[in-house]
Amino acid sequence: MKKIISVILGAFIALNFSLSVVNAAAKEVRIAFFLEWATPNQEDKVKKAFDKAFGIPVKWTNFATGGEMTEAMLSGDIDISYSQGLTPFVNAVNAKAPIILVDIAVLYGMGGTTCVVSNSSRITKANASDLEGRKVAVPLGTMADYVFKETMRVVGADPSKMKVIDMNPEDGSAALVNGDVDMACLFGGTSIKKAEEAGKKMLTVKEAKDAGIAGIDITSVTNKFLRENPGMVRTFVEVTHEANARFNSGRSNMSVIAKDAAMDLAGTKNQMGGFEFPDADTMRSKYMNRGGILMNYLSVMGNMFATSENPALNDYSQVVTTRFLP
Amino acid sequence: MITRIFTLLIIVAVIGAILYGRRLIKTEKNDAVFGNPERAKGGTHWVIVGSCFLMFSWLYYSWDIAKSLYPDSANELCQVAKVNESLLSLKYLFPIEERQHKSTAIIKRENINIKKYIVEIQNSPDLENQDKEIFISLLNKTQLMIPTLTEEKYLETDIKHVINGLTNRIKQLTVSFPKDSYPPALSEEEENKRIEALKKQKGWGATGMEVPPLPETKTGLKFHKAAEELNSISDEFFEIRNHNTEYLRHSQEIFAEIKEYKNGLDDDQELEKTYIKEIKKLVRRIDYASIFPPNALDEMEESIRDFDVVQKEEQGAIRIKDVLLFPGGTIVNSGPTCAEDGPGRWLPKPSDTFRIFGELLRPSVGFKMIPMIWYEMMDVSKIVGFFLPDWIADILPGKYPVHNSAGKVEPNFKSKVLDIVTGEFKAFKIPVPTGHIWDSFLRVFLGLSLGIIFGIPLGIFMGLNRFAKGFFDPLVELYRPVPPLAWAPLIITVFGIDNVGKVFLLFMVSFSIMIISARAGASGTQLSKIHAAHSLGASRWQILRHVIFPNSLPEILTGIRVAVGMCWGTLVAAEFLAGTTGIGFVENVARKYMQYEVIWITIFVMGMLGLLFDITLRKIINKTIPWHGKG
């Protein structure tokens, strides 16, 4: 009896302590990224320029969705999430996750995230309300979810009347090709390309742009990492901006990027053609300032995805900092 | 309140059960030696203790006990977290929670990096000797630059002054912090504003509020104010760089050399460009780091340590609550918000969980507009239409009616039959269950039933017949060992994302299990029993029905129990992949919006349903094969 009690007490105490053990000084920087999402700094990733710039090794981990990045950041396995969608970031900060937005990674039109309607459904922008009651594949809680809601607003269809099926882009494009769903909202070059074999974009890139639908991917950092290693956050943003500048002047090595993004060269060029990498000054003056574009997006999206348990924040500027921009 | 009573009940139950257990031992006969199965019989009181232990762990690790006993504690801990957060960057500089000074660590790391570069450059086959020399001299100069940062005599009085100023502010805070007069009283207007804001603030764990961030208690206010002061000190400190004239002379020289070298490079000298860039990064890294002479910050370190001691003392009861009632984590602060970190985040409180479960169960709310489990009225005609095949109408003599010149369609007998077989008529309505739970249940039930209906006869056939065994063996043995989920993507492609695909997947799972168990049961029948039946003149069918089938029943029923478990496992994963309804779907969506309560609810519901299936089967087993396990 005494033995049992002592074992239980021992286990109890051990559990109390083991749960609160944290890793001390950074021995490596752990960064999350996406495949099928070509960005200029992947060249630096391949060439180990980040490792050299940090002075310590970098561990890159690829994720399928931005929500998974948040989960990994919360469990302490990831320090920096590069190119996390704004939607999962907003969901995370609505749920009071201690992560901070330090940089805009990519601005993209509907080339990178879009809704594709199948040809067999005979639905276009003009009769989009026919989608009500039909099946639609959407990766919930991602940028594609946001694009879905915005697109439906533009074409005048009610998304709450559709049967939304939660599917990752790869599955969504397969379901569209099979005819299981009439529309699929997707991100990622390969998935969109596959979906377009059986359908057309609901809104063209230009139409979406005119309607004010744009995608923003950001760089987020855990509060702990930011507090303890501000220099490294700065270095990461700096190296990324250098890579962006290199891309903007057309000096990026596209084949290296394509290979690292797990795409073909033409697809990469096509995808990155729709990407925009603003420089630090533009971000400060146009996007991340009070009332800037990013801030507006944050509050619009924050309210769009708010739940009663995780309501929108009053002020999203508290989770954004421009301190680390070069 | 409920939590408190519940906790009390749990404790009473555990103590009662243990006391009862001790009394039981005394009254029991003592002749059961170790190894005697009698010793494991009975023990309901231990079941109570076990369940209570689980409940208590849940209450304790989800911090629900803390919430019910001290509803203020999260708010106070949030203020403490603010102080800790503001100290984090400062503390990180010193060996307070680390082993080394941050400066020491940086210098150590960069010295290693410089050495590595020198070796790398020296051994590089593609670099010209002349370039190598330039690089190495730059690196050596960088190494020589470090002492200008660490040398006491170069430290400028201005910077010393600023550091001293900040140190004094910390010291002052340390002195005034424990006093009752801290924080200084606000003006009436501000105080009213504060109270007004507090009134609007929801409590800990209220809908949409994880941890209330504004200080509610006197102690909390103290910490809140101190955190503000420390944040401003910390911000000012990190603005300081030890860029003295001696250092600037060195660094400017290095940067100038780098620039000059870079300008001299041709466009195609990629390798040289990369190296010079990396060296520049290294210099910039040292430039940005807060490196100070070894003893320059001693006083500041001391003041931070002192403050830390004082603030920990001031925490008093909060600290004890943190250790005892917030196991495995604490409240953390990030910017303006506070959040639970540790089990408090991912293990929702029982009270919240049940509240949200109650909400979800309300048919008008449900999850994503679909109730968890409810009923809807369905016309019987739909069922008739589903079961009667449409071709019944087609094979009747005659033709379907054509519209007449008056623009009307006169129904004839054939079209009336068609209406019936397609369910296009009105009959009475009956309630049918609907909702997420029902959908998942139905899928498992259908998959399992189909597996049983097809699997058992085939299994018995395979156990009795050489042809069947040989013919079907390769098929079954090839697909059986594959984890069912491996089939999922394929099946979704072929059968679609609707119920058909999922049911088929579950059918595949249960089918193979049923075949194996029925076959094992059939081939395991004792020959003597078959001989006996034969000699009594039983026909083949009678032997099958009365000897072989009852003999294989234990195996079959065990197989069904295994299949139920496997089906659940597969179903949830299949609903993860593509779904519009079902418990797996609910869990997957909840995950994306970080609704941990809902995730736990789905886990709980799945456990309960699995248990329900298992209990039902156990009842069936006891009823149908009472001889099983009794010799």
# chains A, B, ... in the order shown; residues from 1 in each chain; ligands from 1

$ interface_residues --of "chain B" --to "chain A" --cutoff "8 Å" --atoms "only C-alpha atoms" --output "short mmCIF file (atom, residue, chain, number, x, y, z; two decimals) with C-alpha atoms, in the first residue's frame"
data_model
loop_
_atom_site.label_atom_id
_atom_site.label_comp_id
_atom_site.auth_asym_id
_atom_site.auth_seq_id
_atom_site.Cartn_x
_atom_site.Cartn_y
_atom_site.Cartn_z
CA LEU B 88 13.06 37.91 -19.87
CA SER B 89 15.28 39.78 -22.30
CA TYR B 92 18.76 36.37 -20.75
CA GLU B 98 21.48 30.56 -18.31
CA ARG B 109 30.30 31.31 -30.97
CA GLU B 110 31.71 33.98 -33.27
CA ASN B 113 32.75 30.79 -36.66
CA THR B 207 -16.66 32.73 -23.11
CA GLY B 208 -14.06 34.42 -25.25
CA MET B 209 -11.78 35.30 -22.36
CA GLU B 210 -8.93 33.00 -21.55
CA GLU B 278 29.16 36.13 -45.29
CA LYS B 281 27.14 39.31 -42.04
CA LEU B 282 29.49 38.08 -39.37
CA ARG B 285 26.17 40.24 -36.21
CA TYR B 288 24.25 44.28 -33.52
CA ALA B 289 24.96 42.16 -30.47
CA PRO B 327 0.94 21.96 -12.34
CA GLY B 328 3.07 21.58 -15.43
CA GLY B 329 2.84 25.16 -16.61
CA ASN B 333 2.02 36.91 -21.06
CA SER B 334 2.54 38.00 -24.63
CA GLY B 335 1.99 41.63 -25.42
CA PRO B 336 -1.38 42.72 -24.10
CA THR B 337 -2.87 39.29 -23.59
CA CYS B 338 -2.26 36.53 -21.12
CA ALA B 339 -2.77 32.88 -21.91
CA GLY B 342 1.02 24.00 -20.44
CA THR B 493 -10.90 8.64 -55.44
CA GLY B 496 -16.06 9.53 -53.76
CA ILE B 497 -16.15 11.46 -50.57
CA LEU B 577 -9.50 13.22 -44.91
CA ALA B 578 -12.79 14.30 -46.37
CA GLY B 579 -15.98 14.90 -44.57
CA THR B 580 -18.99 17.08 -44.12
CA PHE B 585 -14.88 15.87 -39.13
CA VAL B 589 -12.28 21.36 -37.86
CA LYS B 592 -7.96 24.16 -37.15
CA TYR B 593 -9.63 26.73 -34.93
CA MET B 594 -7.79 25.53 -31.80
CA GLN B 595 -10.98 24.61 -29.97
#

$ residues_around --residues "B:Ala227" --least-positions-apart "4" --cutoff "8 Å" --atoms "only C-alpha atoms" --output "list in words"
Gln79, Lys82, Val83, Asn84, Ser86, Phe223 and Asn231 of chain B

$ write_last_selection --atoms "N, CA and C atoms" --output "short mmCIF file (atom, residue, chain, number, x, y, z; two decimals), in the first residue's frame"
data_model
loop_
_atom_site.label_atom_id
_atom_site.label_comp_id
_atom_site.auth_asym_id
_atom_site.auth_seq_id
_atom_site.Cartn_x
_atom_site.Cartn_y
_atom_site.Cartn_z
N GLN B 79 -0.34 39.10 -14.09
CA GLN B 79 0.47 40.29 -13.79
C GLN B 79 1.91 39.87 -13.48
N LYS B 82 3.62 39.22 -16.57
CA LYS B 82 4.04 40.44 -17.26
C LYS B 82 5.42 40.86 -16.77
N VAL B 83 5.62 40.78 -15.44
CA VAL B 83 6.93 41.14 -14.90
C VAL B 83 7.99 40.17 -15.42
N ASN B 84 7.67 38.89 -15.38
CA ASN B 84 8.65 37.90 -15.85
C ASN B 84 8.98 38.13 -17.32
N SER B 86 8.82 40.95 -18.95
CA SER B 86 9.62 42.15 -19.16
C SER B 86 11.05 41.91 -18.71
N PHE B 223 2.34 44.54 -9.68
CA PHE B 223 3.15 43.84 -10.68
C PHE B 223 2.96 44.44 -12.06
N ASN B 231 9.65 47.19 -18.68
CA ASN B 231 9.63 47.14 -20.14
C ASN B 231 10.31 48.35 -20.73
#

$ select_by_dssp --residues "stretch 124-350 of chain B" --states "alpha helix (DSSP H)" --output "PDB file with C-alpha atoms, in the first residue's frame"
ATOM      1  CA  ASN B 129      45.586  33.226 -53.034  1.00  0.00           C
ATOM      2  CA  GLN B 130      45.261  36.954 -53.144  1.00  0.00           C
ATOM      3  CA  ASP B 131      41.563  36.774 -52.282  1.00  0.00           C
ATOM      4  CA  LYS B 132      42.296  34.284 -49.562  1.00  0.00           C
ATOM      5  CA  GLU B 133      44.708  36.712 -47.988  1.00  0.00           C
ATOM      6  CA  ILE B 134      42.184  39.528 -48.060  1.00  0.00           C
ATOM      7  CA  PHE B 135      39.481  37.364 -46.514  1.00  0.00           C
ATOM      8  CA  ILE B 136      41.728  36.049 -43.798  1.00  0.00           C
ATOM      9  CA  SER B 137      43.034  39.471 -42.959  1.00  0.00           C
ATOM     10  CA  LEU B 138      39.430  40.705 -42.734  1.00  0.00           C
ATOM     11  CA  LEU B 139      38.525  37.848 -40.447  1.00  0.00           C
ATOM     12  CA  ASN B 140      41.572  38.474 -38.287  1.00  0.00           C
ATOM     13  CA  LYS B 141      40.644  42.108 -38.079  1.00  0.00           C
ATOM     14  CA  THR B 142      37.142  41.139 -37.039  1.00  0.00           C
ATOM     15  CA  GLN B 143      38.590  38.983 -34.339  1.00  0.00           C
ATOM     16  CA  LEU B 144      40.718  41.881 -33.200  1.00  0.00           C
ATOM     17  CA  MET B 145      37.649  44.083 -33.198  1.00  0.00           C
ATOM     18  CA  ILE B 146      36.027  42.050 -30.425  1.00  0.00           C
ATOM     19  CA  PRO B 147      38.453  43.242 -27.713  1.00  0.00           C
ATOM     20  CA  THR B 148      37.491  46.834 -28.466  1.00  0.00           C
ATOM     21  CA  LEU B 149      34.028  45.897 -27.255  1.00  0.00           C
ATOM     22  CA  THR B 150      35.201  43.970 -24.236  1.00  0.00           C
ATOM     23  CA  THR B 157      31.333  57.543 -20.146  1.00  0.00           C
ATOM     24  CA  ASP B 158      28.074  58.322 -21.939  1.00  0.00           C
ATOM     25  CA  ILE B 159      27.194  54.675 -22.182  1.00  0.00           C
ATOM     26  CA  LYS B 160      28.360  54.044 -18.632  1.00  0.00           C
ATOM     27  CA  HIS B 161      26.100  56.853 -17.594  1.00  0.00           C
ATOM     28  CA  VAL B 162      23.078  55.396 -19.367  1.00  0.00           C
ATOM     29  CA  ILE B 163      23.747  51.942 -17.918  1.00  0.00           C
ATOM     30  CA  ASN B 164      24.080  53.414 -14.451  1.00  0.00           C
ATOM     31  CA  GLY B 165      20.882  55.350 -14.952  1.00  0.00           C
ATOM     32  CA  LEU B 166      18.997  52.223 -15.903  1.00  0.00           C
ATOM     33  CA  THR B 167      20.568  50.300 -13.031  1.00  0.00           C
ATOM     34  CA  ASN B 168      19.436  52.990 -10.637  1.00  0.00           C
ATOM     35  CA  ARG B 169      15.917  52.802 -11.977  1.00  0.00           C
ATOM     36  CA  ILE B 170      15.869  49.083 -11.298  1.00  0.00           C
ATOM     37  CA  LYS B 171      17.284  49.666  -7.816  1.00  0.00           C
ATOM     38  CA  GLN B 172      14.686  52.305  -7.123  1.00  0.00           C
ATOM     39  CA  LEU B 173      11.974  49.963  -8.262  1.00  0.00           C
ATOM     40  CA  THR B 174      13.394  47.273  -5.986  1.00  0.00           C
ATOM     41  CA  VAL B 175      13.165  49.619  -3.029  1.00  0.00           C
ATOM     42  CA  SER B 176       9.711  51.012  -3.698  1.00  0.00           C
ATOM     43  CA  GLU B 188      -9.270  60.328  -9.713  1.00  0.00           C
ATOM     44  CA  GLU B 189     -10.166  60.459 -13.359  1.00  0.00           C
ATOM     45  CA  GLU B 190      -7.671  57.768 -14.303  1.00  0.00           C
ATOM     46  CA  GLU B 191      -8.695  55.617 -11.375  1.00  0.00           C
ATOM     47  CA  ASN B 192     -12.318  55.836 -12.465  1.00  0.00           C
ATOM     48  CA  LYS B 193     -11.341  54.878 -15.978  1.00  0.00           C
ATOM     49  CA  ARG B 194      -9.454  51.885 -14.647  1.00  0.00           C
ATOM     50  CA  ILE B 195     -12.413  50.736 -12.565  1.00  0.00           C
ATOM     51  CA  GLU B 196     -14.706  51.239 -15.529  1.00  0.00           C
ATOM     52  CA  ALA B 197     -12.443  49.055 -17.706  1.00  0.00           C
ATOM     53  CA  LEU B 198     -12.300  46.430 -14.983  1.00  0.00           C
ATOM     54  CA  LYS B 199     -16.077  46.239 -14.844  1.00  0.00           C
ATOM     55  CA  LYS B 200     -16.145  45.361 -18.528  1.00  0.00           C
ATOM     56  CA  LYS B 218      -3.889  45.361  -5.346  1.00  0.00           C
ATOM     57  CA  THR B 219      -0.958  42.958  -5.697  1.00  0.00           C
ATOM     58  CA  GLY B 220      -1.783  42.528  -9.341  1.00  0.00           C
ATOM     59  CA  LEU B 221      -1.690  46.261  -9.910  1.00  0.00           C
ATOM     60  CA  LYS B 222       1.727  46.385  -8.306  1.00  0.00           C
ATOM     61  CA  PHE B 223       3.152  43.839 -10.676  1.00  0.00           C
ATOM     62  CA  HIS B 224       1.416  45.399 -13.634  1.00  0.00           C
ATOM     63  CA  LYS B 225       3.013  48.779 -12.922  1.00  0.00           C
ATOM     64  CA  ALA B 226       6.432  47.268 -12.279  1.00  0.00           C
ATOM     65  CA  ALA B 227       6.215  45.404 -15.589  1.00  0.00           C
ATOM     66  CA  GLU B 228       5.520  48.660 -17.403  1.00  0.00           C
ATOM     67  CA  GLU B 229       8.559  50.263 -15.820  1.00  0.00           C
ATOM     68  CA  LEU B 230      10.765  47.265 -16.550  1.00  0.00           C
ATOM     69  CA  ASN B 231       9.627  47.141 -20.136  1.00  0.00           C
ATOM     70  CA  SER B 232      10.683  50.692 -20.693  1.00  0.00           C
ATOM     71  CA  ILE B 233      14.030  49.998 -18.991  1.00  0.00           C
ATOM     72  CA  SER B 234      14.533  46.917 -21.129  1.00  0.00           C
ATOM     73  CA  ASP B 235      13.644  48.761 -24.330  1.00  0.00           C
ATOM     74  CA  GLU B 236      16.054  51.553 -23.494  1.00  0.00           C
ATOM     75  CA  PHE B 237      18.790  49.124 -22.635  1.00  0.00           C
ATOM     76  CA  PHE B 238      18.547  47.283 -25.922  1.00  0.00           C
ATOM     77  CA  GLU B 239      18.907  50.570 -27.753  1.00  0.00           C
ATOM     78  CA  THR B 245      35.346  55.348 -30.900  1.00  0.00           C
ATOM     79  CA  GLU B 246      37.950  52.614 -30.865  1.00  0.00           C
ATOM     80  CA  TYR B 247      35.386  50.060 -31.972  1.00  0.00           C
ATOM     81  CA  LEU B 248      33.959  52.362 -34.613  1.00  0.00           C
ATOM     82  CA  ARG B 249      37.448  52.951 -35.974  1.00  0.00           C
ATOM     83  CA  HIS B 250      37.922  49.205 -36.341  1.00  0.00           C
ATOM     84  CA  SER B 251      34.510  48.405 -37.702  1.00  0.00           C
ATOM     85  CA  GLN B 252      34.424  51.292 -40.138  1.00  0.00           C
ATOM     86  CA  GLU B 253      37.779  50.192 -41.437  1.00  0.00           C
ATOM     87  CA  ILE B 254      36.512  46.663 -41.917  1.00  0.00           C
ATOM     88  CA  PHE B 255      33.290  47.768 -43.579  1.00  0.00           C
ATOM     89  CA  ALA B 256      35.219  50.111 -45.844  1.00  0.00           C
ATOM     90  CA  GLU B 257      37.550  47.313 -46.851  1.00  0.00           C
ATOM     91  CA  ILE B 258      34.654  45.022 -47.512  1.00  0.00           C
ATOM     92  CA  LYS B 259      32.986  47.639 -49.632  1.00  0.00           C
ATOM     93  CA  GLU B 260      36.142  48.371 -51.546  1.00  0.00           C
ATOM     94  CA  TYR B 261      36.752  44.715 -52.196  1.00  0.00           C
ATOM     95  CA  LYS B 262      33.167  44.196 -53.265  1.00  0.00           C
ATOM     96  CA  ASN B 263      33.315  47.065 -55.704  1.00  0.00           C
ATOM     97  CA  GLU B 270      30.062  34.542 -57.437  1.00  0.00           C
ATOM     98  CA  LEU B 271      32.156  32.616 -54.941  1.00  0.00           C
ATOM     99  CA  GLU B 272      34.096  35.660 -53.820  1.00  0.00           C
ATOM    100  CA  LYS B 273      30.870  37.602 -53.537  1.00  0.00           C
ATOM    101  CA  THR B 274      29.336  34.930 -51.334  1.00  0.00           C
ATOM    102  CA  TYR B 275      32.326  34.857 -49.039  1.00  0.00           C
ATOM    103  CA  ILE B 276      32.581  38.593 -48.685  1.00  0.00           C
ATOM    104  CA  LYS B 277      28.856  38.759 -47.946  1.00  0.00           C
ATOM    105  CA  GLU B 278      29.159  36.131 -45.288  1.00  0.00           C
ATOM    106  CA  ILE B 279      32.050  37.930 -43.682  1.00  0.00           C
ATOM    107  CA  LYS B 280      30.018  41.118 -43.746  1.00  0.00           C
ATOM    108  CA  LYS B 281      27.145  39.312 -42.042  1.00  0.00           C
ATOM    109  CA  LEU B 282      29.485  38.078 -39.368  1.00  0.00           C
ATOM    110  CA  VAL B 283      30.748  41.588 -38.680  1.00  0.00           C
ATOM    111  CA  ARG B 284      27.199  42.938 -38.647  1.00  0.00           C
ATOM    112  CA  ARG B 285      26.173  40.236 -36.214  1.00  0.00           C
ATOM    113  CA  ILE B 286      28.848  41.345 -33.774  1.00  0.00           C
ATOM    114  CA  ASP B 287      27.863  44.925 -34.516  1.00  0.00           C
ATOM    115  CA  TYR B 288      24.252  44.279 -33.523  1.00  0.00           C
ATOM    116  CA  ASP B 298      27.892  43.597 -12.991  1.00  0.00           C
ATOM    117  CA  GLU B 299      25.963  46.189 -11.101  1.00  0.00           C
ATOM    118  CA  MET B 300      23.008  45.862 -13.408  1.00  0.00           C
ATOM    119  CA  GLU B 301      23.055  42.098 -13.056  1.00  0.00           C
ATOM    120  CA  GLU B 302      23.127  42.506  -9.305  1.00  0.00           C
ATOM    121  CA  SER B 303      20.188  44.907  -9.383  1.00  0.00           C
ATOM    122  CA  ILE B 304      18.169  42.533 -11.542  1.00  0.00           C
ATOM    123  CA  ARG B 305      18.938  39.670  -9.207  1.00  0.00           C
ATOM    124  CA  ASP B 306      17.894  41.815  -6.259  1.00  0.00           C
ATOM    125  CA  PHE B 307      14.689  42.814  -7.930  1.00  0.00           C
ATOM    126  CA  ASP B 308      13.991  39.226  -8.846  1.00  0.00           C
ATOM    127  CA  VAL B 309      14.355  38.208  -5.218  1.00  0.00           C
ATOM    128  CA  VAL B 310      12.090  41.015  -4.070  1.00  0.00           C
ATOM    129  CA  GLN B 311       9.424  40.355  -6.647  1.00  0.00           C
ATOM    130  CA  LYS B 312       9.446  36.662  -5.798  1.00  0.00           C
ATOM    131  CA  GLU B 313       9.001  37.524  -2.133  1.00  0.00           C
ATOM    132  CA  GLU B 314       6.196  39.876  -2.995  1.00  0.00           C
ATOM    133  CA  GLN B 315       4.426  37.137  -4.923  1.00  0.00           C
ATOM    134  CA  ALA B 317       0.757  33.296  -1.823  1.00  0.00           C
ATOM    135  CA  ILE B 318       0.555  33.660  -5.609  1.00  0.00           C
ATOM    136  CA  ARG B 319       3.742  31.713  -5.925  1.00  0.00           C
ATOM    137  CA  ILE B 320       2.495  28.870  -3.782  1.00  0.00           C
ATOM    138  CA  LYS B 321      -0.713  28.766  -5.788  1.00  0.00           C
ATOM    139  CA  ASP B 322       1.322  28.684  -8.981  1.00  0.00           C
ATOM    140  CA  VAL B 323       3.393  25.733  -7.839  1.00  0.00           C
ATOM    141  CA  LEU B 324       0.584  23.753  -6.234  1.00  0.00           C
ATOM    142  CA  LEU B 325      -2.472  24.500  -8.309  1.00  0.00           C
ATOM    143  CA  PRO B 343      -1.797  21.568 -19.711  1.00  0.00           C
ATOM    144  CA  GLY B 344      -4.134  24.495 -19.041  1.00  0.00           C
ATOM    145  CA  ARG B 345      -4.039  25.237 -22.764  1.00  0.00           C
ATOM    146  CA  TRP B 346      -4.621  21.817 -24.227  1.00  0.00           C
ATOM    147  CA  PRO B 350     -14.146  19.884 -17.042  1.00  0.00           C
TER     148      PRO B 350
END

$ atom_distance --atom1 "atom CA of A:Thr87" --atom2 "atom CA of A:Asn127"
27.9 Å

$ residues_around --residues "stretch 121-124 of chain A" --least-positions-apart "2" --cutoff "10 Å" --atoms "only C-alpha atoms" --output "list in words"
Val116, Val117, Ser118, Asn119, Ala126, Asn127, Ala128, Ser129, Asp130, Leu131, Arg134, Val155, Gly179, Val181, Asp182, Met183, Gly199, Lys200, Lys201, Met202 and Leu203 of chain A

$ write_last_selection --atoms "C-alpha atoms" --output "short mmCIF file (atom, residue, chain, number, x, y, z; two decimals), in the first residue's frame"
data_model
loop_
_atom_site.label_atom_id
_atom_site.label_comp_id
_atom_site.auth_asym_id
_atom_site.auth_seq_id
_atom_site.Cartn_x
_atom_site.Cartn_y
_atom_site.Cartn_z
CA VAL A 116 -11.73 26.60 -59.17
CA VAL A 117 -15.19 25.62 -60.44
CA SER A 118 -15.53 22.40 -62.37
CA ASN A 119 -16.50 22.59 -66.02
CA ALA A 126 -22.85 34.83 -63.50
CA ASN A 127 -24.83 32.00 -61.93
CA ALA A 128 -22.66 31.46 -58.89
CA SER A 129 -25.64 31.30 -56.55
CA ASP A 130 -26.33 27.87 -58.10
CA LEU A 131 -23.49 26.67 -55.91
CA ARG A 134 -23.76 21.93 -53.77
CA VAL A 155 -20.10 36.83 -56.88
CA GLY A 179 -16.53 15.36 -59.91
CA VAL A 181 -17.28 18.56 -55.63
CA ASP A 182 -18.36 21.42 -57.87
CA MET A 183 -15.83 23.87 -56.60
CA GLY A 199 -12.28 23.50 -64.23
CA LYS A 200 -11.80 27.21 -64.40
CA LYS A 201 -11.00 29.85 -61.87
CA MET A 202 -14.11 31.49 -60.50
CA LEU A 203 -12.46 34.88 -60.66
#

$ select_by_dssp --residues "stretch 151-191 of chain A" --states "strand (DSSP E or B)" --output "list in words"
Lys163, Val164, Ile165, Asp166, Met183, Ala184, Cys185, Leu186 and Phe187 of chain A

$ residues_around --residues "stretch 285-299 of chain A" --least-positions-apart "6" --cutoff "10 Å" --atoms "only C-alpha atoms" --output "ChimeraX atom specification"
/A:86-87,89-90,101-104,213-216,218,278,312-317,320-322

$ atom_distance --atom1 "atom CA of B:Thr353" --atom2 "atom CA of B:Glu597"
5.3 Å
